[in-house]
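Asks: Here's a structure for you.
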Amino acid sequence: MDQAIDTRQLRAFVRLARSGSFTQTGRELHLTQSAVSHAIKSLETDLGSRLFHRQGKHVHLTHAGRELLPHAETILQSMSHARAVLGTLDQMPRGKLKIGCTTAAAQFILPTVLREFKESFPLYEIKVTCGETPDTIERLVSNEIDLAVSLRPLDVSRMNCHAIFDDELEFLVSPLHRWAQTRPKLKDAANETFIVASRNSMNFSMIQEYFLKNGVRLSSFIELGSSEATVELAKLGIGVAIAARWIARAEIEAGQLIALPLPKAKLKRRWIVSTLKNRPLNLPERTFIGLCEEVGRRMSNDNL
């Protein structure tokens, strides 16, 4: 590996190239003229090239010195930028982050994200507004929230979307339900009672469209208002939930529910974090999105 260049020597080199004077460079760097001269000689020895022509008290760059100068300036500018960024982090930014999300996201995605976010930005105020995907996206485009955690809508023309993870909707049934013993066919769904969180959700629209495309009209529903209540009622065998298995992972592992694939084709969804298109994001917002992506990777791995 090539030996790294001493940044103190680079700083002396750049200052001397600009001033042309050892005395002036020493004043600017609060060093003696002898210390500046020693730094330049050491740099020339390390690089194996003479960097300055000396004429009395003044110097000017050699060809090798002119070649080195833009690289040295870039290195020092990069170091200065890094220090500025770290300094910003040390100042503990203050502000307010307004988040819109679905109830499922609030229950299963946000807790880990917000815990880790507050570790990095303890002085940031966070406001979370829950609603179904259509309502959440409407709040985003109306500039009522900064970020939306939701299912990916059909129209994303006004948004920048960051994918979190993909999942699949399945039947969730009690072990005592008849479908647990005999796998259902599509036509069996027409006479079944389905437990849903909300008829105003994008999830419900996707389910309706899936069955209508396959020639089945669902007619009987129990609407409960939350994913947690949906799981509890499905455990009692009163009806069938159609949901992603991650909302009932504990119940499935305990044998209280069984996940069954939909009869004909998979029904997949994509979860996203979205922001208004072309709106610049600050560091806390970028951090929040990154944390959502990380939680999404964990959830995807758990579902493998």
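Labels used: A, B, ... for chains in the order of the structure tokens, numbers from 1 for residues in each chain, and numbers from 1 for ligands as shown.
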Excluding same-chain residues fewer than 6 positions from range 253-270 of chain A, what lies within 7 Å of it counting only C-alpha atoms, as a PyMOL selection string?
Replies: chain A and resi 151-152+165-175+184-186+235+245
Asks: May I have the residues from that selection written out with C-alpha atoms, as a PDB file, in the first residue's frame?
Replies:
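result_30.pdb, written as the output of this step:
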ATOM      1  CA  LEU A 151     -48.512   1.047   0.598  1.00  0.00           C
ATOM      2  CA  ARG A 152     -47.406   2.226  -2.842  1.00  0.00           C
ATOM      3  CA  PHE A 165     -40.128  -4.108   1.485  1.00  0.00           C
ATOM      4  CA  ASP A 166     -42.592  -6.264  -0.436  1.00  0.00           C
ATOM      5  CA  ASP A 167     -45.051  -8.669   1.140  1.00  0.00           C
ATOM      6  CA  GLU A 168     -47.869 -11.020   0.151  1.00  0.00           C
ATOM      7  CA  LEU A 169     -51.493 -11.220   1.277  1.00  0.00           C
ATOM      8  CA  GLU A 170     -52.700 -14.631   2.430  1.00  0.00           C
ATOM      9  CA  PHE A 171     -55.692 -16.179   4.188  1.00  0.00           C
ATOM     10  CA  LEU A 172     -55.263 -16.308   7.972  1.00  0.00           C
ATOM     11  CA  VAL A 173     -57.554 -18.956   9.476  1.00  0.00           C
ATOM     12  CA  SER A 174     -58.093 -20.668  12.800  1.00  0.00           C
ATOM     13  CA  PRO A 175     -56.780 -24.266  12.976  1.00  0.00           C
ATOM     14  CA  PRO A 184     -60.082 -23.508  -0.417  1.00  0.00           C
ATOM     15  CA  LYS A 185     -60.786 -22.911  -4.082  1.00  0.00           C
ATOM     16  CA  LEU A 186     -61.557 -19.458  -5.424  1.00  0.00           C
ATOM     17  CA  LYS A 235     -58.223 -16.766  15.920  1.00  0.00           C
ATOM     18  CA  ARG A 245     -48.315 -13.048   7.782  1.00  0.00           C
TER      19      ARG A 245
END
Asks: Could you give me the residues within range 35-177 of chain A that DSSP places in strand (DSSP E or B), as JSON, numbers by chain?
Replies: {"A": [52, 53, 54, 55, 58, 59, 60, 61, 95, 96, 97, 98, 99, 100, 101, 124, 125, 126, 127, 128, 129, 130, 147, 148, 149, 150, 151, 159, 160, 161, 162, 163, 164, 165, 166, 167, 168, 169, 170, 171, 172, 173]}
Asks: Using only C-alpha atoms, determine which residues lie at most 12 Å from Gly26 in chain A, disregarding the query and same-chain residues fewer than 4 positions distant; provide the list as a list in words.
Replies: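 Skipping anything fewer than 4 positions along the chain leaves Arg11, Ala12, Phe13, Arg15, Leu16, Ser19, Gly20, Ser21, Phe22, His30, Leu31, Thr32, Gln33, Ser34, Ala35, Val36, Ser37, His38, Ala39 and Ile40 of chain A.
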Asks: Out of A:Ile5, A:Val141, A:Ala148, A:Leu218, which residue has the shortest atom-to-atom distance to Lys187 in chain A when counting only C-alpha atoms?
Replies: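 Among the listed residues, A:Leu218 lies closest to Lys187 in chain A.
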Asks: How many Å separate CA of Met299 in chain A from CA of Ile247 in chain A?
Replies: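 Between CA of Met299 in chain A and CA of Ile247 in chain A the gap works out to 10.7 Å.
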Asks: Out of A:Val113, A:Leu29, A:Ala17, A:Ile145, which residue has the shortest atom-to-atom distance to Arg54 in chain A when counting only C-alpha atoms?
Replies: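 Between A:Val113, A:Leu29, A:Ala17, A:Ile145, the residue approaching Arg54 in chain A most closely is A:Ala17.
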Asks: Work out how far apart CA of Trp246 in chain A and CA of Thr103 in chain A are and give it in Å to one decimal.
Replies: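 Calculated distance between CA of Trp246 in chain A and CA of Thr103 in chain A is 13.9 Å.
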Asks: Pick out the closest residue to Ala248 in chain A from this set: A:Leu68, A:Leu123, A:Ala104, A:Leu47. Count only C-alpha atoms.
Replies: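 Comparing A:Leu68, A:Leu123, A:Ala104, A:Leu47 against Ala248 in chain A, the winner is A:Ala104.
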Asks: Quick one: residues within 12 Å of Ile99 in chain A, only C-alpha atoms counted, chain neighbours fewer than 6 positions away excluded, as a PyMOL selection string?
Replies: chain A and resi 105-106+110+113-114+125-131+136-137+139-140+143-150+273-275+285+288-289
Asks: Can you list, as an mmCIF file with N, CA, C and O atoms, in the first residue's frame, all residues belonging to range 47-102 of chain A that DSSP tags as alpha helix (DSSP H)?
Replies:
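Result file is states_5.cif:
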data_model
loop_
_atom_site.group_PDB
_atom_site.id
_atom_site.type_symbol
_atom_site.label_atom_id
_atom_site.label_comp_id
_atom_site.auth_asym_id
_atom_site.auth_seq_id
_atom_site.Cartn_x
_atom_site.Cartn_y
_atom_site.Cartn_z
ATOM 1 N N LEU A 47 7.583 12.214 -1.602
ATOM 2 C CA LEU A 47 7.059 12.116 -2.968
ATOM 3 C C LEU A 47 8.150 11.869 -4.003
ATOM 4 O O LEU A 47 7.859 11.510 -5.148
ATOM 5 N N HIS A 63 7.194 22.053 -11.999
ATOM 6 C CA HIS A 63 6.147 21.340 -12.744
ATOM 7 C C HIS A 63 5.457 20.312 -11.836
ATOM 8 O O HIS A 63 4.221 20.192 -11.848
ATOM 9 N N ALA A 64 6.238 19.582 -11.029
ATOM 10 C CA ALA A 64 5.657 18.590 -10.114
ATOM 11 C C ALA A 64 4.777 19.273 -9.080
ATOM 12 O O ALA A 64 3.711 18.761 -8.705
ATOM 13 N N GLY A 65 5.211 20.466 -8.611
ATOM 14 C CA GLY A 65 4.405 21.198 -7.643
ATOM 15 C C GLY A 65 3.074 21.641 -8.224
ATOM 16 O O GLY A 65 2.034 21.576 -7.545
ATOM 17 N N ARG A 66 3.082 22.092 -9.486
ATOM 18 C CA ARG A 66 1.826 22.496 -10.137
ATOM 19 C C ARG A 66 0.877 21.314 -10.309
ATOM 20 O O ARG A 66 -0.343 21.461 -10.216
ATOM 21 N N GLU A 67 1.425 20.132 -10.581
ATOM 22 C CA GLU A 67 0.605 18.930 -10.699
ATOM 23 C C GLU A 67 -0.011 18.541 -9.354
ATOM 24 O O GLU A 67 -1.156 18.102 -9.273
ATOM 25 N N LEU A 68 0.742 18.711 -8.266
ATOM 26 C CA LEU A 68 0.274 18.299 -6.942
ATOM 27 C C LEU A 68 -0.771 19.260 -6.375
ATOM 28 O O LEU A 68 -1.695 18.835 -5.671
ATOM 29 N N LEU A 69 -0.660 20.547 -6.700
ATOM 30 C CA LEU A 69 -1.482 21.567 -6.034
ATOM 31 C C LEU A 69 -2.984 21.292 -6.089
ATOM 32 O O LEU A 69 -3.646 21.313 -5.031
ATOM 33 N N PRO A 70 -3.606 21.021 -7.248
ATOM 34 C CA PRO A 70 -5.069 20.799 -7.242
ATOM 35 C C PRO A 70 -5.475 19.571 -6.434
ATOM 36 O O PRO A 70 -6.532 19.564 -5.797
ATOM 37 N N HIS A 71 -4.635 18.530 -6.431
ATOM 38 C CA HIS A 71 -4.947 17.338 -5.629
ATOM 39 C C HIS A 71 -4.886 17.666 -4.135
ATOM 40 O O HIS A 71 -5.736 17.228 -3.356
ATOM 41 N N ALA A 72 -3.856 18.435 -3.756
ATOM 42 C CA ALA A 72 -3.713 18.803 -2.346
ATOM 43 C C ALA A 72 -4.892 19.657 -1.884
ATOM 44 O O ALA A 72 -5.425 19.482 -0.783
ATOM 45 N N GLU A 73 -5.308 20.615 -2.734
ATOM 46 C CA GLU A 73 -6.449 21.463 -2.377
ATOM 47 C C GLU A 73 -7.724 20.653 -2.236
ATOM 48 O O GLU A 73 -8.526 20.894 -1.318
ATOM 49 N N THR A 74 -7.922 19.657 -3.114
ATOM 50 C CA THR A 74 -9.110 18.804 -3.035
ATOM 51 C C THR A 74 -9.122 18.002 -1.745
ATOM 52 O O THR A 74 -10.158 17.875 -1.073
ATOM 53 N N ILE A 75 -7.968 17.460 -1.377
ATOM 54 C CA ILE A 75 -7.873 16.669 -0.141
ATOM 55 C C ILE A 75 -8.216 17.531 1.074
ATOM 56 O O ILE A 75 -9.004 17.130 1.949
ATOM 57 N N LEU A 76 -7.644 18.731 1.140
ATOM 58 C CA LEU A 76 -7.897 19.610 2.287
ATOM 59 C C LEU A 76 -9.344 20.088 2.321
ATOM 60 O O LEU A 76 -9.936 20.214 3.394
ATOM 61 N N GLN A 77 -9.940 20.344 1.141
ATOM 62 C CA GLN A 77 -11.354 20.741 1.095
ATOM 63 C C GLN A 77 -12.255 19.611 1.578
ATOM 64 O O GLN A 77 -13.239 19.844 2.293
ATOM 65 N N SER A 78 -11.930 18.376 1.186
ATOM 66 C CA SER A 78 -12.718 17.215 1.627
ATOM 67 C C SER A 78 -12.648 17.057 3.131
ATOM 68 O O SER A 78 -13.651 16.753 3.795
ATOM 69 N N MET A 79 -11.456 17.253 3.697
ATOM 70 C CA MET A 79 -11.310 17.153 5.153
ATOM 71 C C MET A 79 -12.107 18.234 5.855
ATOM 72 O O MET A 79 -12.753 17.986 6.878
ATOM 73 N N SER A 80 -12.094 19.454 5.276
ATOM 74 C CA SER A 80 -12.844 20.554 5.869
ATOM 75 C C SER A 80 -14.340 20.269 5.838
ATOM 76 O O SER A 80 -15.063 20.527 6.816
ATOM 77 N N HIS A 81 -14.816 19.699 4.706
ATOM 78 C CA HIS A 81 -16.244 19.360 4.585
ATOM 79 C C HIS A 81 -16.626 18.293 5.601
ATOM 80 O O HIS A 81 -17.690 18.364 6.233
ATOM 81 N N ALA A 82 -15.758 17.284 5.776
ATOM 82 C CA ALA A 82 -16.041 16.210 6.740
ATOM 83 C C ALA A 82 -16.150 16.771 8.149
ATOM 84 O O ALA A 82 -17.031 16.394 8.925
ATOM 85 N N ARG A 83 -15.263 17.684 8.485
ATOM 86 C CA ARG A 83 -15.317 18.304 9.815
ATOM 87 C C ARG A 83 -16.613 19.095 9.998
ATOM 88 O O ARG A 83 -17.222 19.073 11.068
ATOM 89 N N ALA A 84 -17.025 19.788 8.936
ATOM 90 C CA ALA A 84 -18.258 20.578 9.026
ATOM 91 C C ALA A 84 -19.465 19.691 9.243
ATOM 92 O O ALA A 84 -20.356 19.997 10.041
ATOM 93 N N VAL A 85 -19.515 18.545 8.518
ATOM 94 C CA VAL A 85 -20.627 17.612 8.677
ATOM 95 C C VAL A 85 -20.666 17.046 10.089
ATOM 96 O O VAL A 85 -21.714 16.987 10.741
ATOM 97 N N LEU A 86 -19.505 16.637 10.598
ATOM 98 C CA LEU A 86 -19.452 16.093 11.958
ATOM 99 C C LEU A 86 -19.806 17.160 12.981
ATOM 100 O O LEU A 86 -20.459 16.876 13.986
ATOM 101 N N GLY A 87 -19.408 18.404 12.695
ATOM 102 C CA GLY A 87 -19.763 19.485 13.598
ATOM 103 C C GLY A 87 -21.256 19.702 13.664
ATOM 104 O O GLY A 87 -21.818 19.959 14.728
ATOM 105 N N THR A 88 -21.938 19.549 12.512
ATOM 106 C CA THR A 88 -23.392 19.671 12.471
ATOM 107 C C THR A 88 -24.047 18.587 13.304
ATOM 108 O O THR A 88 -25.016 18.825 14.034
ATOM 109 N N LEU A 89 -23.497 17.372 13.215
ATOM 110 C CA LEU A 89 -24.059 16.270 14.005
ATOM 111 C C LEU A 89 -23.895 16.536 15.493
ATOM 112 O O LEU A 89 -24.765 16.228 16.292
ATOM 113 N N ASP A 90 -22.739 17.111 15.868
ATOM 114 C CA ASP A 90 -22.480 17.352 17.282
ATOM 115 C C ASP A 90 -23.378 18.440 17.853
ATOM 116 O O ASP A 90 -23.535 18.559 19.060
#
